[in-house]
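Structure file protein02.csv (CSV, N, CA and C atoms) follows.
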chain,number,residue,atom,x,y,z
A,19,MET,N,12.4,-3.4,0.3
A,19,MET,CA,11.4,-4.3,-0.2
A,19,MET,C,11.5,-4.5,-1.7
A,20,PRO,N,11.6,-5.7,-2.3
A,20,PRO,CA,11.7,-5.8,-3.7
A,20,PRO,C,10.4,-5.5,-4.4
A,21,ALA,N,10.5,-5.1,-5.7
A,21,ALA,CA,9.4,-4.8,-6.5
A,21,ALA,C,8.6,-6.0,-6.8
A,22,GLY,N,7.3,-6.0,-6.8
A,22,GLY,CA,6.5,-7.1,-7.2
A,22,GLY,C,6.3,-7.1,-8.7
A,23,PRO,N,5.7,-8.1,-9.3
A,23,PRO,CA,5.6,-8.2,-10.7
A,23,PRO,C,4.8,-7.0,-11.3
A,24,SER,N,3.9,-6.4,-10.6
A,24,SER,CA,3.1,-5.3,-11.1
A,24,SER,C,3.7,-3.9,-10.7
A,25,ASP,N,4.6,-3.9,-9.8
A,25,ASP,CA,5.2,-2.7,-9.4
A,25,ASP,C,6.2,-2.2,-10.5
A,26,PRO,N,6.2,-0.9,-10.8
A,26,PRO,CA,7.1,-0.4,-11.8
A,26,PRO,C,8.5,-0.3,-11.2
A,27,VAL,N,9.5,-0.5,-12.1
A,27,VAL,CA,10.9,-0.2,-11.7
A,27,VAL,C,11.1,1.3,-11.9
A,28,GLU,N,11.6,2.0,-10.8
A,28,GLU,CA,11.7,3.4,-10.8
A,28,GLU,C,13.1,3.8,-11.4
A,29,LEU,N,13.1,4.8,-12.2
A,29,LEU,CA,14.4,5.4,-12.8
A,29,LEU,C,14.3,6.9,-12.7
A,30,ASP,N,15.1,7.5,-11.8
A,30,ASP,CA,15.1,8.9,-11.6
A,30,ASP,C,16.3,9.5,-12.4
A,31,LEU,N,15.9,10.2,-13.5
A,31,LEU,CA,16.9,10.8,-14.3
A,31,LEU,C,16.9,12.4,-14.2
A,32,SER,N,16.5,12.8,-13.0
A,32,SER,CA,16.4,14.3,-12.8
A,32,SER,C,17.8,14.9,-12.9
A,33,GLY,N,17.9,16.0,-13.6
A,33,GLY,CA,19.1,16.7,-13.7
A,33,GLY,C,20.0,16.4,-14.9
A,34,LEU,N,19.6,15.2,-15.6
A,34,LEU,CA,20.4,14.8,-16.8
A,34,LEU,C,19.8,15.6,-18.0
A,35,LYS,N,20.7,15.9,-18.9
A,35,LYS,CA,20.3,16.6,-20.1
A,35,LYS,C,20.4,15.7,-21.3
A,36,CYS,N,19.7,16.1,-22.4
A,36,CYS,CA,19.7,15.3,-23.6
A,36,CYS,C,21.1,15.1,-24.1
A,37,PRO,N,21.5,13.9,-24.5
A,37,PRO,CA,20.7,12.7,-24.8
A,37,PRO,C,20.6,11.7,-23.7
A,38,LEU,N,21.2,12.0,-22.5
A,38,LEU,CA,21.3,11.0,-21.5
A,38,LEU,C,19.9,10.4,-21.0
A,39,PRO,N,18.8,11.2,-20.8
A,39,PRO,CA,17.6,10.6,-20.4
A,39,PRO,C,17.1,9.5,-21.3
A,40,VAL,N,17.1,9.7,-22.6
A,40,VAL,CA,16.6,8.7,-23.6
A,40,VAL,C,17.6,7.5,-23.6
A,41,LEU,N,18.9,7.8,-23.6
A,41,LEU,CA,19.9,6.7,-23.6
A,41,LEU,C,19.7,5.8,-22.4
A,42,ARG,N,19.6,6.4,-21.2
A,42,ARG,CA,19.4,5.6,-20.0
A,42,ARG,C,18.1,4.8,-19.9
A,43,THR,N,17.0,5.5,-20.5
A,43,THR,CA,15.7,4.8,-20.6
A,43,THR,C,15.8,3.6,-21.5
A,44,ARG,N,16.4,3.7,-22.6
A,44,ARG,CA,16.6,2.6,-23.5
A,44,ARG,C,17.3,1.5,-22.9
A,45,LYS,N,18.4,1.8,-22.2
A,45,LYS,CA,19.2,0.7,-21.5
A,45,LYS,C,18.4,0.0,-20.4
A,46,ALA,N,17.7,0.8,-19.7
A,46,ALA,CA,16.8,0.2,-18.6
A,46,ALA,C,15.8,-0.7,-19.2
A,47,LEU,N,15.1,-0.2,-20.3
A,47,LEU,CA,14.1,-1.0,-20.9
A,47,LEU,C,14.6,-2.3,-21.4
A,48,ARG,N,15.8,-2.3,-22.1
A,48,ARG,CA,16.4,-3.5,-22.6
A,48,ARG,C,16.8,-4.5,-21.5
A,49,GLY,N,16.9,-4.0,-20.3
A,49,GLY,CA,17.3,-4.9,-19.2
A,49,GLY,C,16.1,-5.5,-18.5
A,50,LEU,N,14.9,-5.2,-19.0
A,50,LEU,CA,13.7,-5.7,-18.3
A,50,LEU,C,13.0,-6.8,-19.2
A,51,PRO,N,12.3,-7.7,-18.5
A,51,PRO,CA,11.6,-8.7,-19.3
A,51,PRO,C,10.4,-8.1,-19.9
A,52,PRO,N,9.9,-8.8,-21.0
A,52,PRO,CA,8.7,-8.3,-21.7
A,52,PRO,C,7.5,-8.2,-20.7
A,53,GLY,N,6.8,-7.1,-20.8
A,53,GLY,CA,5.6,-6.9,-19.9
A,53,GLY,C,5.9,-6.1,-18.6
A,54,ALA,N,7.2,-6.0,-18.3
A,54,ALA,CA,7.6,-5.2,-17.1
A,54,ALA,C,7.3,-3.8,-17.3
A,55,VAL,N,7.1,-3.1,-16.2
A,55,VAL,CA,6.8,-1.6,-16.2
A,55,VAL,C,7.9,-0.8,-15.7
A,56,LEU,N,8.3,0.2,-16.4
A,56,LEU,CA,9.4,1.2,-16.0
A,56,LEU,C,8.7,2.6,-15.8
A,57,ALA,N,9.0,3.2,-14.7
A,57,ALA,CA,8.6,4.6,-14.4
A,57,ALA,C,9.8,5.4,-14.4
A,58,VAL,N,9.8,6.4,-15.3
A,58,VAL,CA,11.0,7.3,-15.5
A,58,VAL,C,10.6,8.7,-15.2
A,59,LEU,N,11.4,9.4,-14.3
A,59,LEU,CA,11.3,10.8,-14.0
A,59,LEU,C,12.4,11.5,-14.6
A,60,SER,N,12.1,12.6,-15.4
A,60,SER,CA,13.1,13.4,-16.1
A,60,SER,C,12.7,14.8,-16.0
A,61,THR,N,13.8,15.7,-15.8
A,61,THR,CA,13.6,17.1,-15.7
A,61,THR,C,14.0,17.8,-17.0
A,62,ASP,N,14.5,17.0,-18.0
A,62,ASP,CA,14.9,17.6,-19.3
A,62,ASP,C,13.7,17.9,-20.1
A,63,PRO,N,13.5,19.1,-20.6
A,63,PRO,CA,12.4,19.4,-21.4
A,63,PRO,C,12.2,18.6,-22.7
A,64,LEU,N,13.4,18.2,-23.2
A,64,LEU,CA,13.3,17.5,-24.5
A,64,LEU,C,12.9,16.0,-24.3
A,65,ALA,N,12.9,15.5,-23.0
A,65,ALA,CA,12.5,14.2,-22.7
A,65,ALA,C,11.0,14.0,-23.1
A,66,ALA,N,10.2,15.1,-23.0
A,66,ALA,CA,8.8,15.0,-23.3
A,66,ALA,C,8.6,14.6,-24.8
A,67,ILE,N,9.5,14.9,-25.6
A,67,ILE,CA,9.5,14.5,-27.1
A,67,ILE,C,10.3,13.2,-27.3
A,68,ASP,N,11.5,13.1,-26.7
A,68,ASP,CA,12.4,12.0,-27.0
A,68,ASP,C,12.0,10.7,-26.4
A,69,ILE,N,11.5,10.6,-25.2
A,69,ILE,CA,11.1,9.4,-24.6
A,69,ILE,C,9.9,8.7,-25.3
A,70,PRO,N,8.8,9.5,-25.5
A,70,PRO,CA,7.7,8.9,-26.3
A,70,PRO,C,8.1,8.4,-27.7
A,71,HIS,N,9.0,9.1,-28.3
A,71,HIS,CA,9.5,8.6,-29.6
A,71,HIS,C,10.3,7.3,-29.5
A,72,LEU,N,11.2,7.3,-28.5
A,72,LEU,CA,11.9,6.0,-28.2
A,72,LEU,C,10.9,4.9,-28.0
A,73,VAL,N,9.9,5.1,-27.2
A,73,VAL,CA,9.0,4.0,-26.8
A,73,VAL,C,8.3,3.5,-28.1
A,74,ARG,N,7.9,4.4,-29.0
A,74,ARG,CA,7.2,4.0,-30.2
A,74,ARG,C,8.2,3.2,-31.1
A,75,THR,N,9.4,3.7,-31.3
A,75,THR,CA,10.3,3.0,-32.2
A,75,THR,C,10.8,1.7,-31.7
A,76,GLU,N,10.8,1.5,-30.3
A,76,GLU,CA,11.3,0.2,-29.8
A,76,GLU,C,10.2,-0.8,-29.6
A,77,GLY,N,8.9,-0.4,-29.9
A,77,GLY,CA,7.8,-1.3,-29.8
A,77,GLY,C,7.3,-1.5,-28.3
A,78,ASP,N,7.6,-0.6,-27.5
A,78,ASP,CA,7.1,-0.6,-26.1
A,78,ASP,C,5.8,0.2,-26.0
A,79,ALA,N,5.2,0.3,-24.9
A,79,ALA,CA,3.9,1.1,-24.7
A,79,ALA,C,4.0,2.1,-23.7
A,80,LEU,N,3.7,3.4,-24.1
A,80,LEU,CA,3.7,4.5,-23.1
A,80,LEU,C,2.3,4.4,-22.4
A,81,LEU,N,2.3,4.1,-21.2
A,81,LEU,CA,1.0,3.9,-20.4
A,81,LEU,C,0.6,5.2,-19.8
A,82,ASP,N,1.5,6.1,-19.5
A,82,ASP,CA,1.1,7.4,-18.9
A,82,ASP,C,2.3,8.4,-19.0
A,83,GLN,N,1.9,9.6,-19.1
A,83,GLN,CA,2.9,10.7,-19.1
A,83,GLN,C,2.3,11.9,-18.3
A,84,GLU,N,3.0,12.3,-17.2
A,84,GLU,CA,2.4,13.3,-16.4
A,84,GLU,C,3.5,14.2,-15.9
A,85,ARG,N,3.1,15.5,-15.7
A,85,ARG,CA,4.0,16.4,-15.1
A,85,ARG,C,4.1,16.2,-13.6
A,86,ARG,N,5.3,16.1,-13.0
A,86,ARG,CA,5.5,15.8,-11.6
A,86,ARG,C,6.9,16.3,-11.1
A,87,ASP,N,6.9,16.8,-9.9
A,87,ASP,CA,8.2,17.2,-9.3
A,87,ASP,C,9.1,18.0,-10.2
A,88,GLY,N,8.6,19.0,-10.9
A,88,GLY,CA,9.4,19.8,-11.7
A,88,GLY,C,9.9,19.1,-13.0
A,89,GLY,N,9.3,18.0,-13.4
A,89,GLY,CA,9.7,17.3,-14.6
A,89,GLY,C,8.5,16.5,-15.1
A,90,VAL,N,8.8,15.5,-15.8
A,90,VAL,CA,7.8,14.6,-16.4
A,90,VAL,C,8.0,13.2,-16.0
A,91,ARG,N,7.0,12.5,-15.6
A,91,ARG,CA,7.1,11.1,-15.2
A,91,ARG,C,6.4,10.3,-16.3
A,92,PHE,N,7.2,9.3,-16.9
A,92,PHE,CA,6.7,8.4,-17.9
A,92,PHE,C,6.5,7.0,-17.3
A,93,THR,N,5.4,6.4,-17.6
A,93,THR,CA,5.2,5.0,-17.2
A,93,THR,C,5.1,4.2,-18.5
A,94,ILE,N,6.1,3.2,-18.7
A,94,ILE,CA,6.3,2.5,-19.9
A,94,ILE,C,6.2,1.0,-19.6
A,95,ARG,N,5.5,0.3,-20.5
A,95,ARG,CA,5.5,-1.2,-20.4
A,95,ARG,C,6.4,-1.7,-21.5
A,96,ARG,N,7.3,-2.6,-21.1
A,96,ARG,CA,8.3,-3.2,-22.0
A,96,ARG,C,7.5,-4.1,-23.0
A,97,GLY,N,7.8,-3.9,-24.3
A,97,GLY,CA,7.2,-4.7,-25.3
A,97,GLY,C,7.7,-6.1,-25.4
A,98,PRO,N,7.2,-6.9,-26.4
A,98,PRO,CA,7.6,-8.3,-26.5
A,98,PRO,C,9.0,-8.5,-27.0
A,99,GLY,N,9.6,-7.5,-27.7
A,99,GLY,CA,10.9,-7.7,-28.3
A,99,GLY,C,11.9,-7.2,-27.5
What do you get writing this file as structure tokens?
Amino acid sequence: MPAGPSDPVELDLSGLKCPLPVLRTRKALRGLPPGAVLAVLSTDPLAAIDIPHLVRTEGDALLDQERRDGGVRFTIRRGPG
């Protein structure tokens, strides 16, 4: 079933180590239209620092960050740029 306009695009980066989670998150965000939502799951401990930093520097919005499934799940809204 395709994702609707309000459904997040899911990106499971479990098992990947720095810098891959942040690089793949950046690539996924750049491929989305403004306003789209991306949900990222990462088990890399450094992602808790790197992904929020990426979101701030790229002009996107971190909607939520929660511990889940042995990692961290980030919910990000693509910014206007």
Notebook entry, point to check: With distances taken over all atoms listed in the file, which of A:Arg96, A:Val90, A:Leu38, A:Ser60 is nearest to A:Glu76?
Noted result: A:Arg96
Check: How would you write, as a PyMOL selection string, the set of residues in stretch 47-97 of chain A that DSSP gives as helix (DSSP H, G or I)?
Finding: chain A and resi 47-48+65-76
Check: Restricting the calculation to only N, CA and C atoms, which member of A:Leu64, A:Ile94, A:Leu50, A:Leu59 is positioned closest to A:Cys36?
Finding: A:Leu64
Note to self: Just want the 6 Å neighbourhood of A:Arg91, counted on all atoms listed in the file, with same-chain residues fewer than 6 positions away dropped. Output as a PyMOL selection string.
What the structure shows: chain A and resi 58-60+82-85
Next item on the list: Just the strand (DSSP E) stuff from chain A, please, per backbone DSSP, written as a PyMOL selection string.
Entry: chain A and resi 27-30+55-60+79-86+89-95
Margin query: Could you tell me how far atom CA of A:Ala65 sits from atom C of A:Ser32, in Å to one decimal place?
Written below: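 Atom-to-atom, atom C of A:Ser32 and atom CA of A:Ala65 are spaced 11.2 Å apart.
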Within 5 Å of A:Leu56 using all atoms listed in the file, minus same-chain residues under 6 positions, as a PDB file with N, CA and C atoms, in the coordinates of the input:
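As a result, part.pdb now contains:
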ATOM      1  N   PRO A  26       6.200  -0.900 -10.800  1.00  0.00           N
ATOM      2  CA  PRO A  26       7.100  -0.400 -11.800  1.00  0.00           C
ATOM      3  C   PRO A  26       8.500  -0.300 -11.200  1.00  0.00           C
ATOM      4  N   VAL A  27       9.500  -0.500 -12.100  1.00  0.00           N
ATOM      5  CA  VAL A  27      10.900  -0.200 -11.700  1.00  0.00           C
ATOM      6  C   VAL A  27      11.100   1.300 -11.900  1.00  0.00           C
ATOM      7  N   THR A  93       5.400   6.400 -17.600  1.00  0.00           N
ATOM      8  CA  THR A  93       5.200   5.000 -17.200  1.00  0.00           C
ATOM      9  C   THR A  93       5.100   4.200 -18.500  1.00  0.00           C
ATOM     10  N   ILE A  94       6.100   3.200 -18.700  1.00  0.00           N
ATOM     11  CA  ILE A  94       6.300   2.500 -19.900  1.00  0.00           C
ATOM     12  C   ILE A  94       6.200   1.000 -19.600  1.00  0.00           C
ATOM     13  N   ARG A  95       5.500   0.300 -20.500  1.00  0.00           N
ATOM     14  CA  ARG A  95       5.500  -1.200 -20.400  1.00  0.00           C
ATOM     15  C   ARG A  95       6.400  -1.700 -21.500  1.00  0.00           C
TER      16      ARG A  95
END
Check: Please, what distance in Å, to one decimal, runs between atom CA of A:Leu80 and atom C of A:Arg44?
Finding: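 Going from atom CA of A:Leu80 over to atom C of A:Arg44, I get 13.9 Å.
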Notebook entry, point to check: Contacts of stretch 53-55 of chain A at 12 Å or less, counting only C-alpha atoms, minus same-chain residues fewer than 5 places along, as a list of chain:residue names?
Noted result: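 Neighbouring residues, sequence-local ones excluded: A:Ala21, A:Gly22, A:Pro23, A:Ser24, A:Asp25, A:Pro26, A:Val27, A:Glu28, A:Leu29, A:Thr43, A:Ala46, A:Leu47, A:Arg48, A:Gly77, A:Asp78, A:Ala79, A:Leu80, A:Leu81, A:Asp82, A:Phe92, A:Thr93, A:Ile94, A:Arg95, A:Arg96, A:Gly97, A:Pro98, A:Gly99.
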Next item on the list: To one decimal in Å, tell me the separation between atom CA of A:Thr75 and atom CA of A:Asp30.
Entry: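 Separation between atom CA of A:Thr75 and atom CA of A:Asp30: 22.0 Å.
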Note to self: My list of candidates is A:Leu31, A:Arg74, A:Lys45, A:Gly89. Which is closest to A:Thr61 when distances are computed with only C-alpha atoms?
What the structure shows: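 Under the stated criterion, the closest residue is A:Gly89.
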